[in-house]
file final-v3.cif (mmCIF, C-alpha atoms)
data_run
loop_
_atom_site.label_atom_id
_atom_site.label_comp_id
_atom_site.auth_asym_id
_atom_site.auth_seq_id
_atom_site.Cartn_x
_atom_site.Cartn_y
_atom_site.Cartn_z
CA MET B 17 -81.46 3.73 17.04
CA ILE B 18 -80.69 2.12 13.72
CA TYR B 19 -81.02 4.19 10.55
CA GLN B 20 -80.58 3.30 6.90
CA ARG B 21 -78.45 5.38 4.58
CA ALA B 22 -79.58 5.93 0.99
CA GLY B 23 -76.92 3.59 -0.44
CA PHE B 24 -78.11 0.79 1.81
CA GLU B 25 -81.72 1.34 0.77
CA ARG B 26 -80.80 1.22 -2.94
CA ARG B 27 -78.93 -2.05 -2.53
CA PHE B 28 -81.65 -3.51 -0.30
CA LYS B 29 -84.32 -2.85 -2.94
CA LYS B 30 -82.30 -4.86 -5.49
CA LEU B 31 -82.37 -7.99 -3.32
CA THR B 32 -84.95 -10.73 -3.74
CA ARG B 33 -87.84 -10.80 -1.26
CA GLN B 34 -86.28 -13.79 0.47
CA GLN B 35 -82.95 -11.97 0.82
CA GLN B 36 -84.76 -8.88 2.13
CA LYS B 37 -86.46 -11.00 4.80
CA ARG B 38 -83.08 -12.45 5.82
CA VAL B 39 -81.60 -8.95 6.06
CA ASP B 40 -84.58 -7.70 8.10
CA GLY B 41 -84.12 -10.63 10.50
CA ALA B 42 -80.38 -10.00 10.77
CA ILE B 43 -80.99 -6.31 11.53
CA ALA B 44 -83.40 -7.28 14.33
CA ARG B 45 -80.78 -9.67 15.77
CA PHE B 46 -78.09 -6.98 15.40
CA GLU B 47 -80.21 -4.53 17.37
CA GLN B 48 -80.61 -7.10 20.16
CA ALA B 49 -76.90 -8.07 20.14
CA VAL B 50 -75.41 -4.57 20.35
CA GLY B 51 -73.79 -4.18 23.73
CA LYS B 52 -74.12 -7.90 24.52
CA PRO B 53 -70.83 -9.52 23.40
CA HIS B 54 -71.99 -13.08 24.13
CA GLU B 55 -74.71 -12.69 21.48
CA HIS B 56 -72.40 -11.40 18.74
CA SER B 57 -71.38 -14.86 17.58
CA GLY B 58 -74.95 -15.68 16.54
CA ILE B 59 -74.91 -13.03 13.81
CA GLY B 60 -71.19 -13.03 13.11
CA LEU B 61 -70.80 -9.45 14.27
CA ARG B 62 -67.24 -8.27 13.80
CA PRO B 63 -65.30 -5.10 13.12
CA PHE B 64 -64.44 -4.45 9.48
CA GLY B 65 -62.34 -1.32 9.18
CA ARG B 66 -64.29 1.47 10.86
CA TYR B 67 -67.52 -0.46 10.32
CA LEU B 68 -69.29 -3.38 11.95
CA GLU B 69 -70.19 -6.28 9.70
CA PHE B 70 -72.84 -8.90 10.43
CA ARG B 71 -74.30 -11.82 8.52
CA ALA B 72 -77.71 -12.19 6.95
CA GLY B 73 -76.89 -15.72 5.78
CA LEU B 74 -73.82 -17.38 4.33
CA ASP B 75 -73.75 -15.22 1.20
CA LEU B 76 -75.11 -11.90 2.48
CA ARG B 77 -73.48 -9.32 4.75
CA VAL B 78 -74.57 -5.99 6.22
CA LEU B 79 -72.32 -3.08 7.19
CA ALA B 80 -73.16 -0.59 9.91
CA ILE B 81 -71.27 2.36 11.34
CA ALA B 82 -71.69 3.85 14.80
CA GLN B 83 -72.10 7.61 15.08
CA SER B 84 -73.20 9.60 18.13
CA GLY B 85 -74.66 6.53 19.85
CA ASP B 86 -76.72 5.48 16.82
CA PHE B 87 -76.01 2.94 14.08
CA PHE B 88 -76.31 3.64 10.38
CA LEU B 89 -76.69 0.76 7.92
CA THR B 90 -74.45 1.63 5.01
CA CYS B 91 -74.19 -1.38 2.70
CA VAL B 92 -75.63 -4.83 2.05
CA GLY B 93 -74.13 -7.40 -0.30
CA ASN B 94 -71.85 -10.39 -0.62
CA HIS B 95 -68.35 -10.52 0.83
CA ASP B 96 -66.70 -8.99 -2.24
CA GLU B 97 -69.20 -6.12 -2.43
CA ILE B 98 -68.72 -5.36 1.26
CA ALA B 99 -64.92 -5.44 0.93
CA ALA B 100 -65.08 -3.10 -2.08
CA TYR B 101 -67.36 -0.70 -0.19
CA VAL B 102 -65.00 -0.59 2.79
CA LYS B 103 -62.00 -0.06 0.51
CA ASN B 104 -63.71 2.77 -1.39
CA ASN B 105 -64.95 4.45 1.80
CA ALA B 106 -61.89 4.00 3.99
CA LYS B 107 -61.50 7.68 4.87
CA PRO B 108 -64.17 9.41 6.97
CA LYS B 109 -65.95 12.15 5.04
CA ALA B 110 -65.61 15.60 6.55
#

call {"tool": "encode", "arguments": {"input": "final-v3.cif", "output": "structure tokens"}}
result
Amino acid sequence: MIYQRAGFERRFKKLTRQQQKRVDGAIARFEQAVGKPHEHSGIGLRPFGRYLEFRAGLDLRVLAIAQSGDFFLTCVGNHDEIAAYVKNNAKPKA
């Protein structure tokens, strides 16, 4: 299953409708690509710290984290916003 964390939802709501559609499409492709390495290249799926990052276009990225067999969408934004999020959330919360 794929779930959305509150921070992701807040950022998602700030996107334009066109950006939201691109993110929705990327999430659908992510769901199909998980566990199928040959399909990862189509969405640019790659590890980024303890997260997985995938593209929703050239300027928009989505971060997900795997926990207990599920994926949680944690952040959406441009490359710099994603990098800042990963840097600020580098340590797992207990």

call {"tool": "residues_around", "arguments": {"input": "final-v3.cif", "residues": "Phe88 (chain B)", "least_positions_apart": "6", "cutoff": "9 Å", "atoms": "all atoms listed in the file", "output": "compact mmCIF listing (two decimals) with C-alpha atoms, in the frame of the given file"}}
result
# COMPACT_ATOMS: atom_id res chain seq x y z
CA MET B 17 -81.46 3.73 17.04
CA ILE B 18 -80.69 2.12 13.72
CA TYR B 19 -81.02 4.19 10.55
CA GLN B 20 -80.58 3.30 6.90
CA ARG B 21 -78.45 5.38 4.58
CA LEU B 79 -72.32 -3.08 7.19
CA ALA B 80 -73.16 -0.59 9.91
CA ILE B 81 -71.27 2.36 11.34
CA ALA B 82 -71.69 3.85 14.80

call {"tool": "closest_residue", "arguments": {"input": "final-v3.cif", "among": "B:Leu31, B:Val39, B:Leu89, B:Ala44", "to": "Leu68 (chain B)", "atoms": "all atoms listed in the file"}}
result
B:Leu89

call {"tool": "closest_residue", "arguments": {"input": "final-v3.cif", "among": "B:Ala99, B:Ile43, B:Ala106, B:Ala22", "to": "Gly73 (chain B)", "atoms": "all atoms listed in the file"}}
result
B:Ile43

call {"tool": "atom_distance", "arguments": {"input": "final-v3.cif", "atom1": "CA of Arg26 (chain B)", "atom2": "CA of Arg38 (chain B)"}}
result
16.4 Å

call {"tool": "closest_residue", "arguments": {"input": "final-v3.cif", "among": "B:Glu25, B:Glu47, B:Asp40, B:Glu69", "to": "Ile98 (chain B)", "atoms": "all atoms listed in the file"}}
result
B:Glu69
